[in-house]
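Each remark here refers to the structure printed beneath this line.
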Amino acid sequence: MDSEFLRTAVAASLIAAAGGALGSLALLRRMALVGDALSHVALPGVALGLLFNFNVFLGALAFLIFGVIIIWAVEHKTKLPVDTLVGVLFTLALAVGAILTPKENILDALFGDIAGISAFDFWLASLISLAIIILLLSFYKKFTLSLISPDLALSAGQKPHILEFLFLVIFALVTAVGIKFTGALLMGSIIIIPAATSRNVARSMNQYLTLSAVIGVLSAVFGVLITNLYGFSLGPAFVLFAGALFFISIFFRR
């Protein structure tokens, strides 16, 4: 097994585990499509990275953090739903990204290209994914209560507004590391599909979180294997396998 294949498999698995764990919370808040929309907010940053030859993760993260701050601030001011605000930013960013992205790189930007990941990108993606998983495990109960009932969380001495900002920042981090994996168009699949599959079969909240991450990892490993054997793009291969697991899980829905 060559080092390049191993790096790709490990990085994809950690990203998918972080995305699956995040998805288990996103589905509780009915924010499943926020990750998909946020990935489009990152597109101008990806385009600038490609144009000026710097790490696309840094460009994507800068635009995502900026977008999250706008969403959080405007939501607090206007009480508009998060998905509405993300939708507005998503269309604006998609238009800017479409104009800026070089034509020869458009497919990589939209569908990802993690094959042949560099050592720097591997460690960056792996460490950030591990940090996200640790944060989610540390704040899981607080996030759950805050996302389901902000009023109840407030009465329990929590700060729902701050927790929501932290949750959106984690969303931004997962999206930034996942852009390289599945691209802007398919990023939402990492967050949505494993969590939706887990929700069909899990018996408890802890099982729901764990299975979401495990299903993400299984889908990533399968995607890497198929890509290595047949030369398919990793993002679509991941989505197809994860989607197949979802439809199978419907028959075992609890």
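Within each chain, counting starts at residue 1; across the structure tokens, chains are named A, B, ... in the order shown, with ligands numbered 1 upward in that order.
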
Determine, for each residue of range 133-229 of chain A having at least one atom at most 12 Å from an atom of range 57-80 of chain A, the closest pair of atoms and their separation in Å to one decimal, counting only C-alpha atoms; order by chain and ascending number, as CSV.
```
residue,atom,partner,partner_atom,distance
A:Pro160,CA,A:His76,CA,11.2
A:His161,CA,A:His76,CA,8.0
A:Ile162,CA,A:Trp72,CA,9.5
A:Leu163,CA,A:Trp72,CA,10.9
A:Glu164,CA,A:Trp72,CA,7.9
A:Phe165,CA,A:Trp72,CA,6.3
A:Leu166,CA,A:Val68,CA,9.8
A:Phe167,CA,A:Val68,CA,9.8
A:Leu168,CA,A:Val68,CA,6.2
A:Val169,CA,A:Val68,CA,6.7
A:Ile170,CA,A:Ile65,CA,9.7
A:Phe171,CA,A:Val68,CA,8.8
A:Ala172,CA,A:Leu64,CA,5.5
A:Leu173,CA,A:Leu61,CA,6.8
A:Val174,CA,A:Leu61,CA,9.5
A:Thr175,CA,A:Leu64,CA,8.1
A:Ala176,CA,A:Leu61,CA,5.3
A:Val177,CA,A:Phe57,CA,6.5
A:Gly178,CA,A:Phe57,CA,9.1
A:Ile179,CA,A:Phe57,CA,7.8
A:Lys180,CA,A:Phe57,CA,7.7
A:Phe181,CA,A:Phe57,CA,11.0
A:Gly183,CA,A:Ala60,CA,11.1
A:Ala184,CA,A:Ala60,CA,10.2
```

Store the residues of this selection in a file with N, CA and C atoms, as a PDB file, in the first residue's frame.
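Below is the file out-v9.pdb, written as the result:
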```
ATOM      1  N   PRO A 160     -27.025  30.170  24.671  1.00  0.00           N
ATOM      2  CA  PRO A 160     -27.363  29.615  23.350  1.00  0.00           C
ATOM      3  C   PRO A 160     -26.779  30.404  22.188  1.00  0.00           C
ATOM      4  N   HIS A 161     -26.721  31.730  22.311  1.00  0.00           N
ATOM      5  CA  HIS A 161     -26.222  32.564  21.217  1.00  0.00           C
ATOM      6  C   HIS A 161     -24.742  32.287  20.952  1.00  0.00           C
ATOM      7  N   ILE A 162     -23.962  32.139  22.032  1.00  0.00           N
ATOM      8  CA  ILE A 162     -22.537  31.840  21.898  1.00  0.00           C
ATOM      9  C   ILE A 162     -22.345  30.418  21.369  1.00  0.00           C
ATOM     10  N   LEU A 163     -23.152  29.487  21.878  1.00  0.00           N
ATOM     11  CA  LEU A 163     -23.062  28.098  21.418  1.00  0.00           C
ATOM     12  C   LEU A 163     -23.397  27.988  19.934  1.00  0.00           C
ATOM     13  N   GLU A 164     -24.367  28.784  19.491  1.00  0.00           N
ATOM     14  CA  GLU A 164     -24.728  28.751  18.073  1.00  0.00           C
ATOM     15  C   GLU A 164     -23.577  29.286  17.214  1.00  0.00           C
ATOM     16  N   PHE A 165     -22.901  30.314  17.700  1.00  0.00           N
ATOM     17  CA  PHE A 165     -21.754  30.836  16.955  1.00  0.00           C
ATOM     18  C   PHE A 165     -20.652  29.784  16.860  1.00  0.00           C
ATOM     19  N   LEU A 166     -20.378  29.104  17.973  1.00  0.00           N
ATOM     20  CA  LEU A 166     -19.364  28.044  17.972  1.00  0.00           C
ATOM     21  C   LEU A 166     -19.765  26.931  17.009  1.00  0.00           C
ATOM     22  N   PHE A 167     -21.050  26.599  17.003  1.00  0.00           N
ATOM     23  CA  PHE A 167     -21.546  25.554  16.099  1.00  0.00           C
ATOM     24  C   PHE A 167     -21.354  25.966  14.643  1.00  0.00           C
ATOM     25  N   LEU A 168     -21.633  27.218  14.330  1.00  0.00           N
ATOM     26  CA  LEU A 168     -21.444  27.708  12.958  1.00  0.00           C
ATOM     27  C   LEU A 168     -19.964  27.733  12.568  1.00  0.00           C
ATOM     28  N   VAL A 169     -19.090  28.057  13.525  1.00  0.00           N
ATOM     29  CA  VAL A 169     -17.644  28.039  13.245  1.00  0.00           C
ATOM     30  C   VAL A 169     -17.189  26.610  12.941  1.00  0.00           C
ATOM     31  N   ILE A 170     -17.702  25.640  13.698  1.00  0.00           N
ATOM     32  CA  ILE A 170     -17.381  24.233  13.420  1.00  0.00           C
ATOM     33  C   ILE A 170     -17.900  23.840  12.046  1.00  0.00           C
ATOM     34  N   PHE A 171     -19.088  24.305  11.707  1.00  0.00           N
ATOM     35  CA  PHE A 171     -19.642  24.087  10.366  1.00  0.00           C
ATOM     36  C   PHE A 171     -18.669  24.610   9.307  1.00  0.00           C
ATOM     37  N   ALA A 172     -18.148  25.818   9.550  1.00  0.00           N
ATOM     38  CA  ALA A 172     -17.222  26.428   8.598  1.00  0.00           C
ATOM     39  C   ALA A 172     -15.945  25.612   8.469  1.00  0.00           C
ATOM     40  N   LEU A 173     -15.419  25.110   9.586  1.00  0.00           N
ATOM     41  CA  LEU A 173     -14.188  24.311   9.562  1.00  0.00           C
ATOM     42  C   LEU A 173     -14.386  23.001   8.808  1.00  0.00           C
ATOM     43  N   VAL A 174     -15.502  22.329   9.079  1.00  0.00           N
ATOM     44  CA  VAL A 174     -15.795  21.072   8.370  1.00  0.00           C
ATOM     45  C   VAL A 174     -15.925  21.331   6.875  1.00  0.00           C
ATOM     46  N   THR A 175     -16.607  22.404   6.526  1.00  0.00           N
ATOM     47  CA  THR A 175     -16.790  22.740   5.113  1.00  0.00           C
ATOM     48  C   THR A 175     -15.461  23.058   4.444  1.00  0.00           C
ATOM     49  N   ALA A 176     -14.600  23.796   5.153  1.00  0.00           N
ATOM     50  CA  ALA A 176     -13.301  24.176   4.582  1.00  0.00           C
ATOM     51  C   ALA A 176     -12.433  22.958   4.291  1.00  0.00           C
ATOM     52  N   VAL A 177     -12.366  22.012   5.241  1.00  0.00           N
ATOM     53  CA  VAL A 177     -11.532  20.823   5.005  1.00  0.00           C
ATOM     54  C   VAL A 177     -12.200  19.866   4.015  1.00  0.00           C
ATOM     55  N   GLY A 178     -13.532  19.910   3.947  1.00  0.00           N
ATOM     56  CA  GLY A 178     -14.242  19.000   3.053  1.00  0.00           C
ATOM     57  C   GLY A 178     -14.263  19.426   1.604  1.00  0.00           C
ATOM     58  N   ILE A 179     -13.999  20.707   1.347  1.00  0.00           N
ATOM     59  CA  ILE A 179     -14.000  21.225  -0.031  1.00  0.00           C
ATOM     60  C   ILE A 179     -13.020  20.453  -0.910  1.00  0.00           C
ATOM     61  N   LYS A 180     -11.861  20.151  -0.364  1.00  0.00           N
ATOM     62  CA  LYS A 180     -10.840  19.413  -1.115  1.00  0.00           C
ATOM     63  C   LYS A 180     -11.305  17.987  -1.406  1.00  0.00           C
ATOM     64  N   PHE A 181     -12.143  17.451  -0.514  1.00  0.00           N
ATOM     65  CA  PHE A 181     -12.625  16.075  -0.605  1.00  0.00           C
ATOM     66  C   PHE A 181     -13.707  15.933  -1.674  1.00  0.00           C
ATOM     67  N   GLY A 183     -15.528  18.817  -3.114  1.00  0.00           N
ATOM     68  CA  GLY A 183     -15.815  19.996  -3.908  1.00  0.00           C
ATOM     69  C   GLY A 183     -17.023  20.759  -3.389  1.00  0.00           C
ATOM     70  N   ALA A 184     -17.276  21.905  -3.983  1.00  0.00           N
ATOM     71  CA  ALA A 184     -18.349  22.781  -3.510  1.00  0.00           C
ATOM     72  C   ALA A 184     -19.730  22.188  -3.722  1.00  0.00           C
TER      73      ALA A 184
END
```

Fewer than 4 positions away in the same chain doesn't count, so skip those; otherwise give me all residues within 6 Å of range 229-240 of chain A, counting only C-alpha atoms, as a tab-separated table (two decimals) with C-alpha atoms, in the first residue's frame.
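Now in selection.tsv:
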```
chain	number	residue	atom	x	y	z
A	182	THR	CA	-15.93	16.50	-2.42
A	219	SER	CA	-18.24	5.63	2.80
A	220	ALA	CA	-14.93	7.48	2.57
A	223	GLY	CA	-14.81	5.84	-2.15
```

As a check of understanding: the span from CA of Ala42 in chain A to CA of Ala196 in chain A is 24.0 Å

What is the CA of Ile190 in chain A-CA of Ala213 in chain A distance in Å, reported with one decimal?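 A separation of 9.8 Å between them.
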
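Computed from the coordinates, the CA of Val88 in chain A to CA of Gly188 in chain A distance equals 16.9 Å.
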
Can you pull out every residue from range 49-169 of chain A that DSSP, working from the backbone, puts in alpha helix (DSSP H), and format the result as a PyMOL selection string? chain A and resi 49-52+56-78+82-100+106-111+119-148+150-155+160-169

Using the selection just defined, write its residues with C-alpha atoms as a short mmCIF file (atom, residue, chain, number, x, y, z; two decimals), in the first residue's frame.
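What ended up in result29.cif:
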```cif
data_model
loop_
_atom_site.label_atom_id
_atom_site.label_comp_id
_atom_site.auth_asym_id
_atom_site.auth_seq_id
_atom_site.Cartn_x
_atom_site.Cartn_y
_atom_site.Cartn_z
CA GLY A 49 -6.37 30.26 -4.07
CA LEU A 50 -6.31 28.74 -7.56
CA LEU A 51 -5.75 32.12 -9.23
CA PHE A 52 -2.90 33.25 -6.98
CA VAL A 56 -7.26 26.76 -1.25
CA PHE A 57 -8.11 25.72 2.32
CA LEU A 58 -6.94 29.10 3.62
CA GLY A 59 -8.99 30.98 1.02
CA ALA A 60 -12.07 28.85 1.69
CA LEU A 61 -11.75 29.20 5.47
CA ALA A 62 -11.37 32.99 5.28
CA PHE A 63 -14.59 33.38 3.28
CA LEU A 64 -16.43 30.84 5.45
CA ILE A 65 -15.51 32.53 8.74
CA PHE A 66 -16.49 35.90 7.27
CA GLY A 67 -19.79 34.39 6.10
CA VAL A 68 -20.46 32.77 9.49
CA ILE A 69 -19.91 36.08 11.32
CA ILE A 70 -22.36 37.82 8.97
CA ILE A 71 -24.96 35.03 9.38
CA TRP A 72 -24.63 34.99 13.16
CA ALA A 73 -24.78 38.77 13.52
CA VAL A 74 -27.69 39.29 11.11
CA GLU A 75 -29.67 36.39 12.60
CA HIS A 76 -29.30 37.87 16.08
CA LYS A 77 -30.35 41.30 14.79
CA THR A 78 -33.26 40.30 12.54
CA VAL A 82 -30.17 30.62 9.55
CA ASP A 83 -31.02 28.76 6.34
CA THR A 84 -32.51 31.93 4.84
CA LEU A 85 -29.36 33.95 5.54
CA VAL A 86 -27.11 31.16 4.27
CA GLY A 87 -29.24 30.99 1.12
CA VAL A 88 -28.68 34.68 0.39
CA LEU A 89 -24.91 34.45 0.92
CA PHE A 90 -24.76 31.17 -1.00
CA THR A 91 -26.16 32.66 -4.21
CA LEU A 92 -23.94 35.74 -4.00
CA ALA A 93 -20.80 33.70 -3.33
CA LEU A 94 -21.63 31.18 -6.05
CA ALA A 95 -21.92 34.00 -8.59
CA VAL A 96 -18.59 35.52 -7.52
CA GLY A 97 -16.89 32.10 -7.44
CA ALA A 98 -18.17 31.22 -10.91
CA ILE A 99 -16.67 34.43 -12.29
CA LEU A 100 -13.30 34.05 -10.54
CA ILE A 106 -13.69 24.46 -12.41
CA LEU A 107 -14.26 20.68 -12.10
CA ASP A 108 -11.82 20.36 -9.18
CA ALA A 109 -13.48 23.31 -7.42
CA LEU A 110 -16.98 21.90 -7.90
CA PHE A 111 -16.32 18.17 -7.33
CA ALA A 119 1.84 16.05 3.14
CA PHE A 120 0.99 19.58 4.35
CA ASP A 121 -2.67 19.29 3.30
CA PHE A 122 -2.86 15.83 4.86
CA TRP A 123 -1.70 17.03 8.26
CA LEU A 124 -3.81 20.18 8.05
CA ALA A 125 -6.99 18.27 7.18
CA SER A 126 -6.30 15.50 9.72
CA LEU A 127 -5.51 17.79 12.66
CA ILE A 128 -8.47 20.08 12.00
CA SER A 129 -10.82 17.09 11.60
CA LEU A 130 -9.59 15.63 14.91
CA ALA A 131 -10.03 19.02 16.61
CA ILE A 132 -13.60 19.22 15.26
CA ILE A 133 -14.42 15.73 16.57
CA ILE A 134 -13.01 16.61 20.02
CA LEU A 135 -15.02 19.85 20.10
CA LEU A 136 -18.22 18.08 19.12
CA LEU A 137 -17.73 15.39 21.76
CA SER A 138 -16.93 18.02 24.41
CA PHE A 139 -19.98 20.19 23.66
CA TYR A 140 -22.38 17.54 22.35
CA LYS A 141 -24.88 17.71 25.22
CA LYS A 142 -24.82 21.52 25.32
CA PHE A 143 -25.20 21.75 21.55
CA THR A 144 -28.10 19.28 21.61
CA LEU A 145 -30.04 21.21 24.25
CA SER A 146 -29.23 24.60 22.71
CA LEU A 147 -30.20 23.56 19.18
CA ILE A 148 -33.44 21.83 20.20
CA PRO A 150 -32.66 27.70 23.17
CA ASP A 151 -35.05 28.79 25.93
CA LEU A 152 -34.47 25.61 27.93
CA ALA A 153 -30.71 25.95 27.42
CA LEU A 154 -30.88 29.54 28.68
CA SER A 155 -32.79 28.47 31.79
CA PRO A 160 -27.36 29.61 23.35
CA HIS A 161 -26.22 32.56 21.22
CA ILE A 162 -22.54 31.84 21.90
CA LEU A 163 -23.06 28.10 21.42
CA GLU A 164 -24.73 28.75 18.07
CA PHE A 165 -21.75 30.84 16.95
CA LEU A 166 -19.36 28.04 17.97
CA PHE A 167 -21.55 25.55 16.10
CA LEU A 168 -21.44 27.71 12.96
CA VAL A 169 -17.64 28.04 13.25
#
```
